[in-house]
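Asker: Submitted below is the structure of interest, expressed as structure tokens.
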There are 10 protein chains.
Amino acid sequence: MTALTREDVTGMILSAKRQAGLTWEGIAETVGMSPVWTHSAAMGMNAMPEEKARAMTEVLGLPQEAALILQESPTKIWEQAVPTDPCIYRLYEIVGVYGPTIKALIHEKFGDGIMSAIDFDMSVTRVENPKGDRVKIEMSGKYLAYNAW
Amino acid sequence: MTALTREDVTGMILSAKRQAGLTWEGIAETVGMSPVWTHSAAMGMNAMPEEKARAMTEVLGLPQEAALILQESPTKIWEQAVPTDPCIYRLYEIVGVYGPTIKALIHEKFGDGIMSAIDFDMSVTRVENPKGDRVKIEMSGKYLAYNAW
Amino acid sequence: MTALTREDVTGMILSAKRQAGLTWEGIAETVGMSPVWTHSAAMGMNAMPEEKARAMTEVLGLPQEAALILQESPTKIWEQAVPTDPCIYRLYEIVGVYGPTIKALIHEKFGDGIMSAIDFDMSVTRVENPKGDRVKIEMSGKYLAYNAW
Amino acid sequence: MTALTREDVTGMILSAKRQAGLTWEGIAETVGMSPVWTHSAAMGMNAMPEEKARAMTEVLGLPQEAALILQESPTKIWEQAVPTDPCIYRLYEIVGVYGPTIKALIHEKFGDGIMSAIDFDMSVTRVENPKGDRVKIEMSGKYLAYNAW
Amino acid sequence: MTALTREDVTGMILSAKRQAGLTWEGIAETVGMSPVWTHSAAMGMNAMPEEKARAMTEVLGLPQEAALILQESPTKIWEQAVPTDPCIYRLYEIVGVYGPTIKALIHEKFGDGIMSAIDFDMSVTRVENPKGDRVKIEMSGKYLAYNAW
Amino acid sequence: MTALTREDVTGMILSAKRQAGLTWEGIAETVGMSPVWTHSAAMGMNAMPEEKARAMTEVLGLPQEAALILQESPTKIWEQAVPTDPCIYRLYEIVGVYGPTIKALIHEKFGDGIMSAIDFDMSVTRVENPKGDRVKIEMSGKYLAYNAW
Amino acid sequence: MTALTREDVTGMILSAKRQAGLTWEGIAETVGMSPVWTHSAAMGMNAMPEEKARAMTEVLGLPQEAALILQESPTKIWEQAVPTDPCIYRLYEIVGVYGPTIKALIHEKFGDGIMSAIDFDMSVTRVENPKGDRVKIEMSGKYLAYNAW
Amino acid sequence: MTALTREDVTGMILSAKRQAGLTWEGIAETVGMSPVWTHSAAMGMNAMPEEKARAMTEVLGLPQEAALILQESPTKIWEQAVPTDPCIYRLYEIVGVYGPTIKALIHEKFGDGIMSAIDFDMSVTRVENPKGDRVKIEMSGKYLAYNAW
Amino acid sequence: MTALTREDVTGMILSAKRQAGLTWEGIAETVGMSPVWTHSAAMGMNAMPEEKARAMTEVLGLPQEAALILQESPTKIWEQAVPTDPCIYRLYEIVGVYGPTIKALIHEKFGDGIMSAIDFDMSVTRVENPKGDRVKIEMSGKYLAYNAW
Amino acid sequence: MTALTREDVTGMILSAKRQAGLTWEGIAETVGMSPVWTHSAAMGMNAMPEEKARAMTEVLGLPQEAALILQESPTKIWEQAVPTDPCIYRLYEIVGVYGPTIKALIHEKFGDGIMSAIDFDMSVTRVENPKGDRVKIEMSGKYLAYNAW
């Protein structure tokens with residue numbers, strides 16, 4: 001008998017979600033985490049605490065072994081090369097790890113289309129925090145729907 | 001006599017800024033635009049309207065030809081390869097075009113360091129807008145300062 | 001039981017089309033869309049509205065699950081790297097997404113051969129439109145048939 | 001004394017055009033050719049017949065040697081890799097050779113922006129021609145202007 | 001039941017040829033075409049007219065579906081990248097499409113070895129032709145046999 | 001004083017040829033070698049025997065040092081990657097070393113255009129030779145002239 | 001019956017370890033080697049002496065053939081390209097061979113997170129040794145835990 | 001007058017060090033920092049606090065502008081590509097940023113040679129620390145001197 | 001029934017050799033060829049004469065079809081890219097074709113380790129030979145054994 | 001005044017050697033080292049002991065600073081990528097570092113041509129040595145002269 005792989009678990013989650021007619025927002029609410037983090041953990045880009053992994057597998061009817069695999073630290077691999085500069089690498093890490101999540105949530109919230117980077121604006125601000133100040137980046141782009149003809 | 005290139009203009013801006021002890025926030029206020037857009041236009045990643053180009057060259061003491069070049073539509077080239085999927089390409093376009101801007105503003109606002117993508121969270125929301133709804137992405141990461149020893 | 005993938009659906013469409021002796025023009029007419037869009041959606045490069053997906057699966061005798069998959073927003077991946085400049089990226093997006101479609105329609109309309117880029121001309125024009133003016137690009141190249149000897 | 005290179009001639013054309021306040025449409029009319037072909041020949045992507053090369057250098061006040069170089073068959077090199085399939089290679093040849101031309105004409109006709117490939121449609125048709133039938137490709141995409149903030 | 005692919009047909013041809021002890025020259029004679037074209041079509045690098053595809057499948061005892069696939073226009077893909085210049089691309093297209101054919105015919109005609117490009121000469125000539133003059137390229141290289149020790 | 005490089009010599013040859021209105025066929029006849037070999041040696045892709053190097057520099061009025069450099073064994077570098085298989089590598093070596101030569105001779109003999117690889121045929125034959133049999137490859141492709149519009 | 005491969009053995013080790021609830025430190029103690037070397041040998045990046053291979057397979061309940069394979073000299077392949085300089089290549093060899101080992105031990109000792117290269121210091125010292133002096137490199141980086149939200 | 005670049009400053013440091021017969025250990029002692037950090041900052045891979053930058057430029061006799069540039073946050077670029085996984089990326093960041101430093105210090109401490117990765121061992125340990133526990137990595141490799149013959 | 005591939009034959013040879021406890025030197029002696037050539041032919045990097053192929057398959061107990069495949073001219077493919085210069089390409093061809101053979105023989109003759117390129121020397125000499133003089137290259141490097149700790 | 005670089009020194013050596021009509025064998029004899037090592041050190045691929053560096057600069061009439069640079073440990077960079085496996089990497093290190101040396105010595109000893117890897121043989125043997133046994137690799141390939149026509 002062969003062991004489950006992380007790819008198997010991802011496939012099971014996608015298939016169970018489609019058959020049950022669930023949304024990422026709904027699953028996230030059940031698990032008690034944000035939709036962004038929940039989707040990325042389901043895609044194998046983040047490790048889940050034990051309690052969250054159990055909630056995820058219960059709501060989707062997955063086997064127990066899946067909950068174990070969802071708790072392991074994944075090796076995060078994505079297609080695009082990343083730059084060497086440590087400050088800019090983090091930006092590419094973010095779009096590499098969370099890019100498919102942003103795409104999935106745009107399709108869930110808007111339909112078949114994209115966020116424009118032409119009709120677009122962005123800000124970078126410093127937010128004070130007793131545990132260490134934080135960088136806040138806010139982006140806003142117009143949703144554009146694909147044309148069918 | 002050889003004509004000015006866009007690289008020349010970028011170099012002139014960086015040199016004049018250093019000598020005058022200006023900040024990107026200060027230049028942006030003078031020009032009347034946001035710091036993010038102002039820095040990216042100064043780096044040759046956005047075209048400036050005529051009035052803004054003139055304000056920029058005046059505050060930094062650049063020649064008139066520089067204002068003309070700042071108004072031309074640049075060919076936007078950066079080092080990292082971009083993925084093919086149109087929805088995900090926009091995310092790479094954003095970090096390709098604005099990555100050096102985010103880096104410059106972090107250094108200006110915090111010092112020599114980076115935004116963490118480990119102590120990090122993000123949200124994706126839909127914002128209603130009469131001209132077409134917009135995708136809003138908010139990121140927050142802890143600032144981490146480089147160690148010297 | 002394993003779920004259908006988009007690759008499975010594309011394979012089913014090609015196989016059913018070959019066995020039924022259909023053409024892309026014919027399928028497009030049945031579906032009520034253009035041949036270019038119909039072929040690209042069949043290849044997994046565009047998402048189909050529900051009604052169109054059902055028409056496609058009915059005319060080709062595919063299972064119900066195929067109609068669900070044809071409605072999902074695909075991740076558009078093709079072999080060739082794309083340039084960074086946003087204006088020129090769109091041209092590569094077009095030949096990346098629709099290149100196999102153009103090739104299939106040339107073979108369907110002309111036979112085994114190519115469109116020449118040597119005996120070739122092109123124009124770019126501005127077309128007024130109340131919803132926003134449009135760029136129109138027209139290309140014309142001589143058909144050249146492969147030699148067999 | 002060093003000989004002129006093709007890059008020198010391209011630089012001279014761009015500089016003279018900027019100083020004289022000319023447009024590609026205007027230069028093309030003077031030369032008696034289309035704007036697309038005229039721009040691509042000026043960029044070193046097509047060879048000019050003797051008469052056209054002379055008209056181009058006269059209107060822009062370039063030296064005689066420039067007219068000789070404009071008549072030579074260029075080695076056409078561009079940044080993006082091209083695919084191997086001969087039918088699809090031609091599409092990449094077209095966007096490689098004429099991509100900067102399309103970009104320049106969009107900026108000249110519309111301003112700082114792009115042609116959308118999302119709000120977009122395309123057709124492929126066969127045009128009868130006594131010298132050999134031709135493939136006609138027509139594309140239409142909405143113009144989108146860059147946002148400044 | 002899964003449909004035959006082109007790779008399956010190529011494998012069937014190679015296997016049937018080995019078992020029947022046939023040569024490419026012999027198969028070509030039966031099909032009534034040249035050995036170069038016959039081998040390249042068998043390898044999936046050229047489409048066969050219906051009659052030729054039937055002759056090929058008959059002499060090798062292949063199923064009917066194979067004859068249909070041999071008539072389809074292949075997407076020609078090979079490992080090596082190709083240059084952008086249209087004139088030089090054709091030379092790489094030739095060695096990409098016909099390279100394995102030249103290798104197979106050298107082994108069939110000479111044995112285990114190569115054509116030297118050191119003890120080598122070549123000519124390029126213009127051949128008049130009422131349908132359009134032709135470029136003729138002739139190469140001659142010494143055969144070198146591999147050493148075994 | 002800096003020494004001449006091979007690139008300098010190639011530039012000198014091209015410049016002197018243009019100014020003197022010479023052709024590669026004419027230079028080859030003077031040197032007493034074939035046009036293909038003469039062009040490739042002038043481009044730095046083959047070493048010239050002493051007598052030939054002197055004839056070349058005399059007819060073009062180049063300095064003595066150029067004749068010395070033309071006799072040195074060049075390191076042959078070209079842009080395209082080459083495959084590993086020794087038999088197929090030789091074909092890529094030929095188009096890498098002689099590709100620019102074939103292009104130059106097509107332009108000299110026909111004008112601004114290419115050799116078609118679509119309206120094309122090829123043969124591979126064994127030629128007996130007392131010093132070792134030779135592989136003969138003959139290619140024939142229709143000349144196609146670029147369109148200007 | 002197909003023979004075991006090294007990948008099979010690696011998979012068996014990971015699966016048996018997960019089911020038995022073992023740690024790398026525990027396995028290393030049983031085998032009598034260091035955790036770093038033990039993990040890398042288990043991953044197929046080092047060959048094991050016969051006695052160690054037997055201890056490893058016994059503690060995990062693997063078949064005898066696995067012990068034979070663990071003794072063979074592996075071909076060490078990893079994803080990242082390595083630089084040519086011999087002195088710097090060794091550093092990349094170390095992170096290529098032992099990178100996954102360091103990652104696994106960080107997760108085992110700390111949890112889901114990373115070693116910072118920002119809050120980081122390092123020293124290089126010479127250590128005398130009668131068999132030949134040694135280079136000692138010491139690195140220290142703060143552990144950072146992933147955020148979940 | 002053109003402004004100094006960071007590359008200029010690096011070149012000045014190397015040249016002044018060679019002429020003054022200084023060592024990295026000696027410079028580091030003067031600056032009051034470790035040799036590893038001092039060399040990496042001199043190579044443009046770390047930003048220096050103002051006081052350290054002044055000490056560095058004084059001991060080497062560099063112009064004042066150099067001290068300003070040494071204080072700027074560098075964009076850290078090196079030749080080798082880096083992997084995507086955040087935990088393993090840090091290891092490549094370390095050898096990318098500090099690789100040339102380790103090489104320089106090995107040559108300074110030992111002579112012309114390398115650290116072996118064959119006669120080599122390594123450990124990974126957890127070090128408690130009130131500001132957050134730290135990962136400690138220790139490597140030891142035999143020094144091997146190049147042979148000259 | 002699917003035909004044997006060359007990869008199958010290589011796998012069979014390795015498996016049979018392991019089970020029979022044979023060495024490459026022993027197999028080579030049986031076949032009557034050198035260990036280097038024998039290993040490279042077994043790996044599919046050289047074609048075997050009929051008699052040698054039969055001896056190989058007999059000593060290892062392989063099926064008859066394997067002997068046929070061992071006689072075919074292989075397409076030699078290896079991972080590393082090769083340079084274009086014909087003289088230097090041959091050196092890369094040698095390490096590409098025979099690199100795994102040298103590695104296997106070092107492990108067979110010495111154990112788990114490498115040949116040093118630091119404690120290393122080499123000579124190049126001309127050897128007279130009536131069939132054409134030969135280049136002789138001799139390399140000598142110290143064997144270094146891997147450390148286990 | 002700008003400092004000499006290693007590239008400058010290599011260029012000076014090549015130029016002085018050409019003008020003085022020296023050979024690598026002759027220079028090596030003067031320096032008292034082997035031709036292989038002498039050429040590689042002159043090309044910047046090995047560091048010279050002080051005495052050898054002085055002998056080299058004296059025989060060629062180079063400035064004193066050149067002798068200092070010849071003693072520094074070079075960063076060895078060459079064009080071709082290298083494989084990861086440590087045992088096979090050494091073989092690529094050898095052809096990367098000494099490839100241009102082998103080429104130069106073949107041209108010096110034989111003329112314009114190459115060493116064949118087709119008419120070729122090789123052996124790998126173990127040589128006992130009290131300081132540690134050594135791997136000996138011997139290669140022999142027929143010299144092939146380029147054809148000129």
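Chain labels run A, B, ... following the order of the structure tokens; each chain numbers its residues from 1, and ligands are numbered from 1 in the order shown.
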Would you write out, as CSV, a table of all residues in chain E that have an atom no more than 10 Å from an atom of chain C, listing for each the closest atom pair and the distance in Å to one decimal, considering only C-alpha atoms and ordering rows by chain and rising residue number?
Answerer:
```
residue,atom,partner,partner_atom,distance
E:Thr2,CA,C:Ser15,CA,9.0
E:Ala3,CA,C:Ser15,CA,6.9
E:Leu4,CA,C:Ser15,CA,9.5
E:Gly32,CA,C:Trp149,CA,9.1
E:Met33,CA,C:Trp149,CA,5.8
E:Ser34,CA,C:Trp149,CA,6.0
E:Pro35,CA,C:Trp149,CA,9.2
E:Val36,CA,C:Trp149,CA,8.7
E:Trp37,CA,C:Trp149,CA,6.4
E:Thr38,CA,C:Trp149,CA,8.7
E:Ala41,CA,C:Ala148,CA,9.5
E:Asn46,CA,C:Ala148,CA,8.4
E:Ala47,CA,C:Asp112,CA,7.1
E:Met48,CA,C:Ala148,CA,8.1
E:Pro49,CA,C:Ala148,CA,8.7
E:Leu68,CA,C:Arg18,CA,9.4
E:Ile69,CA,C:Arg18,CA,9.9
E:Gln71,CA,C:Asp112,CA,9.2
E:Glu72,CA,C:Asp112,CA,8.0
E:Ser73,CA,C:Asp112,CA,5.7
E:Pro74,CA,C:Asp112,CA,9.0
E:Thr75,CA,C:Pro100,CA,9.0
E:Pro86,CA,C:Ile118,CA,8.7
```
Asker: What's the 9 Å shell around Ala66 (chain H), counting only C-alpha atoms, without same-chain residues fewer than 2 positions away, as a list in words?
Answerer: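 The contact residues come out as Leu4, Thr5, Arg6, Asp8, Val9, Ala53, Arg54, Thr57, Leu62, Pro63, Gln64, Leu68, Ile69, Leu70 and Gln71 of chain H.
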Asker: May I ask for the distance between CA of Glu51 (chain E) and CA of Val124 (chain F), given in Å to one decimal place?
Answerer: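 These two atoms are separated by 24.4 Å.
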Asker: If DSSP is run on the backbone, what residues of chain B are strand (DSSP E or B)? A reply as a list in words would be ideal.
Answerer: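 Here are the strand (DSSP E or B) residues of chain B: Val82, Gly113, Ile114, Met115, Ser116, Ala117, Ile118, Asp119, Phe120, Asp121, Met122, Ser123, Val124, Thr125, Arg126, Val127, Arg134, Val135, Lys136, Ile137, Glu138, Met139, Ser140, Gly141, Lys142, Tyr143, Leu144 and Ala145 of chain B.
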Asker: Fit chain E to chain C: least squares, all C-alpha atoms, paired in order; write the output as a short mmCIF file (atom, residue, chain, number, x, y, z; two decimals) with C-alpha atoms, in the first residue's frame.
Answerer:
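What ended up in result-v5.cif:
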```
data_model
loop_
_atom_site.label_atom_id
_atom_site.label_comp_id
_atom_site.auth_asym_id
_atom_site.auth_seq_id
_atom_site.Cartn_x
_atom_site.Cartn_y
_atom_site.Cartn_z
CA MET E 1 -12.69 6.80 -8.84
CA THR E 2 -10.51 9.66 -10.02
CA ALA E 3 -12.06 12.97 -11.08
CA LEU E 4 -11.84 14.23 -14.67
CA THR E 5 -9.12 16.78 -15.38
CA ARG E 6 -9.18 19.55 -17.96
CA GLU E 7 -6.62 17.62 -20.02
CA ASP E 8 -9.01 14.66 -20.05
CA VAL E 9 -11.81 16.89 -21.33
CA THR E 10 -9.58 18.33 -24.09
CA GLY E 11 -8.61 14.80 -25.13
CA MET E 12 -12.25 13.70 -25.15
CA ILE E 13 -13.22 16.66 -27.34
CA LEU E 14 -10.46 15.98 -29.88
CA SER E 15 -11.24 12.27 -29.99
CA ALA E 16 -15.01 12.73 -30.31
CA LYS E 17 -14.53 15.36 -33.03
CA ARG E 18 -12.26 13.03 -35.04
CA GLN E 19 -14.63 10.09 -34.75
CA ALA E 20 -17.69 12.17 -35.64
CA GLY E 21 -15.94 13.86 -38.56
CA LEU E 22 -16.84 17.32 -37.27
CA THR E 23 -15.09 20.65 -37.98
CA TRP E 24 -14.36 23.52 -35.59
CA GLU E 25 -16.57 25.75 -37.73
CA GLY E 26 -19.41 23.25 -37.41
CA ILE E 27 -19.00 22.85 -33.65
CA ALA E 28 -18.82 26.65 -33.24
CA GLU E 29 -22.05 27.10 -35.18
CA THR E 30 -23.80 24.55 -32.97
CA VAL E 31 -22.53 26.21 -29.82
CA GLY E 32 -23.42 29.65 -31.17
CA MET E 33 -20.00 31.22 -30.74
CA SER E 34 -17.10 32.09 -33.07
CA PRO E 35 -14.71 29.34 -34.24
CA VAL E 36 -11.70 31.10 -32.62
CA TRP E 37 -13.30 31.37 -29.19
CA THR E 38 -14.86 27.88 -29.42
CA HIS E 39 -11.54 26.18 -30.24
CA SER E 40 -9.65 28.07 -27.52
CA ALA E 41 -12.28 27.16 -24.90
CA ALA E 42 -12.13 23.53 -26.03
CA MET E 43 -8.34 23.61 -25.64
CA GLY E 44 -8.73 24.88 -22.04
CA MET E 45 -7.69 28.46 -22.76
CA ASN E 46 -11.04 30.11 -22.00
CA ALA E 47 -13.91 29.42 -19.59
CA MET E 48 -17.33 28.66 -21.09
CA PRO E 49 -20.65 30.06 -19.84
CA GLU E 50 -22.89 27.24 -18.55
CA GLU E 51 -25.17 27.14 -21.61
CA LYS E 52 -22.25 26.97 -24.04
CA ALA E 53 -20.52 24.25 -22.04
CA ARG E 54 -23.70 22.15 -22.15
CA ALA E 55 -24.11 22.63 -25.89
CA MET E 56 -20.48 21.59 -26.45
CA THR E 57 -20.76 18.43 -24.36
CA GLU E 58 -24.10 17.47 -25.95
CA VAL E 59 -22.95 17.77 -29.55
CA LEU E 60 -19.86 15.66 -28.75
CA GLY E 61 -21.51 13.19 -26.37
CA LEU E 62 -19.33 13.99 -23.36
CA PRO E 63 -20.22 13.23 -19.69
CA GLN E 64 -21.88 15.88 -17.46
CA GLU E 65 -18.76 16.46 -15.38
CA ALA E 66 -17.02 17.71 -18.53
CA ALA E 67 -19.52 20.56 -18.76
CA LEU E 68 -18.65 21.61 -15.20
CA ILE E 69 -14.94 21.64 -15.92
CA LEU E 70 -15.41 23.67 -19.13
CA GLN E 71 -17.01 26.41 -16.95
CA GLU E 72 -14.03 26.77 -14.60
CA SER E 73 -11.48 29.59 -15.04
CA PRO E 74 -8.37 27.88 -16.42
CA THR E 75 -4.79 28.62 -15.42
CA LYS E 76 -3.43 29.57 -18.82
CA ILE E 77 0.03 28.10 -19.32
CA TRP E 78 1.96 27.84 -22.55
CA GLU E 79 5.53 26.92 -23.44
CA GLN E 80 7.06 30.19 -24.61
CA ALA E 81 8.34 32.79 -22.13
CA VAL E 82 6.63 36.18 -22.25
CA PRO E 83 8.25 39.64 -22.10
CA THR E 84 7.77 41.97 -19.13
CA ASP E 85 6.51 45.13 -20.86
CA PRO E 86 2.72 45.23 -20.27
CA CYS E 87 1.88 46.53 -23.75
CA ILE E 88 3.99 43.93 -25.57
CA TYR E 89 3.03 41.15 -23.11
CA ARG E 90 -0.55 41.35 -24.43
CA LEU E 91 0.67 40.51 -27.95
CA TYR E 92 2.48 37.45 -26.61
CA GLU E 93 -0.57 36.56 -24.51
CA ILE E 94 -2.61 36.57 -27.74
CA VAL E 95 -0.23 34.30 -29.67
CA GLY E 96 0.26 32.11 -26.59
CA VAL E 97 -3.48 31.64 -25.93
CA TYR E 98 -4.70 31.65 -29.55
CA GLY E 99 -1.63 30.35 -31.46
CA PRO E 100 -2.78 26.70 -31.50
CA THR E 101 -6.24 27.95 -32.49
CA ILE E 102 -4.91 29.90 -35.48
CA LYS E 103 -2.85 26.85 -36.49
CA ALA E 104 -5.89 24.55 -36.26
CA LEU E 105 -8.10 26.90 -38.29
CA ILE E 106 -5.42 27.38 -41.00
CA HIS E 107 -5.19 23.59 -41.36
CA GLU E 108 -9.00 23.30 -41.42
CA LYS E 109 -9.47 26.08 -44.00
CA PHE E 110 -6.39 25.56 -46.22
CA GLY E 111 -4.68 22.19 -45.60
CA ASP E 112 -1.17 21.28 -44.41
CA GLY E 113 0.74 24.56 -44.52
CA ILE E 114 1.37 27.93 -42.91
CA MET E 115 0.65 31.68 -43.15
CA SER E 116 3.70 33.48 -44.56
CA ALA E 117 5.26 36.29 -42.53
CA ILE E 118 7.42 37.21 -45.56
CA ASP E 119 4.64 37.84 -48.11
CA PHE E 120 2.77 39.67 -45.38
CA ASP E 121 1.29 43.06 -44.42
CA MET E 122 -0.35 44.51 -41.32
CA SER E 123 -2.19 47.63 -40.12
CA VAL E 124 -3.00 49.17 -36.74
CA THR E 125 -6.02 51.47 -36.48
CA ARG E 126 -8.13 53.24 -33.85
CA VAL E 127 -11.82 52.36 -33.85
CA GLU E 128 -14.21 54.66 -31.98
CA ASN E 129 -16.53 52.95 -29.55
CA PRO E 130 -18.89 54.48 -26.95
CA LYS E 131 -17.73 51.92 -24.35
CA GLY E 132 -14.11 52.91 -24.96
CA ASP E 133 -12.18 53.13 -28.23
CA ARG E 134 -10.55 49.96 -29.51
CA VAL E 135 -7.26 49.00 -31.15
CA LYS E 136 -7.76 47.08 -34.39
CA ILE E 137 -4.93 44.99 -35.80
CA GLU E 138 -5.30 43.39 -39.23
CA MET E 139 -2.78 40.94 -40.66
CA SER E 140 -2.67 39.31 -44.07
CA GLY E 141 -0.19 36.62 -45.09
CA LYS E 142 -0.03 34.31 -48.11
CA TYR E 143 -0.86 30.66 -47.46
CA LEU E 144 2.07 28.34 -48.26
CA ALA E 145 1.53 24.56 -48.59
CA TYR E 146 4.17 22.06 -47.46
CA ASN E 147 6.00 20.19 -50.22
CA ALA E 148 6.11 16.38 -50.19
CA TRP E 149 8.68 14.63 -52.37
#
```
Asker: Would you list, as a VMD selection string, the residues of region 20-75 of chain G that end up in alpha helix (DSSP H) under DSSP run on this structure's backbone?
Answerer: chain G and resid 20 24 to 31 35 to 42 50 to 60 64 to 70
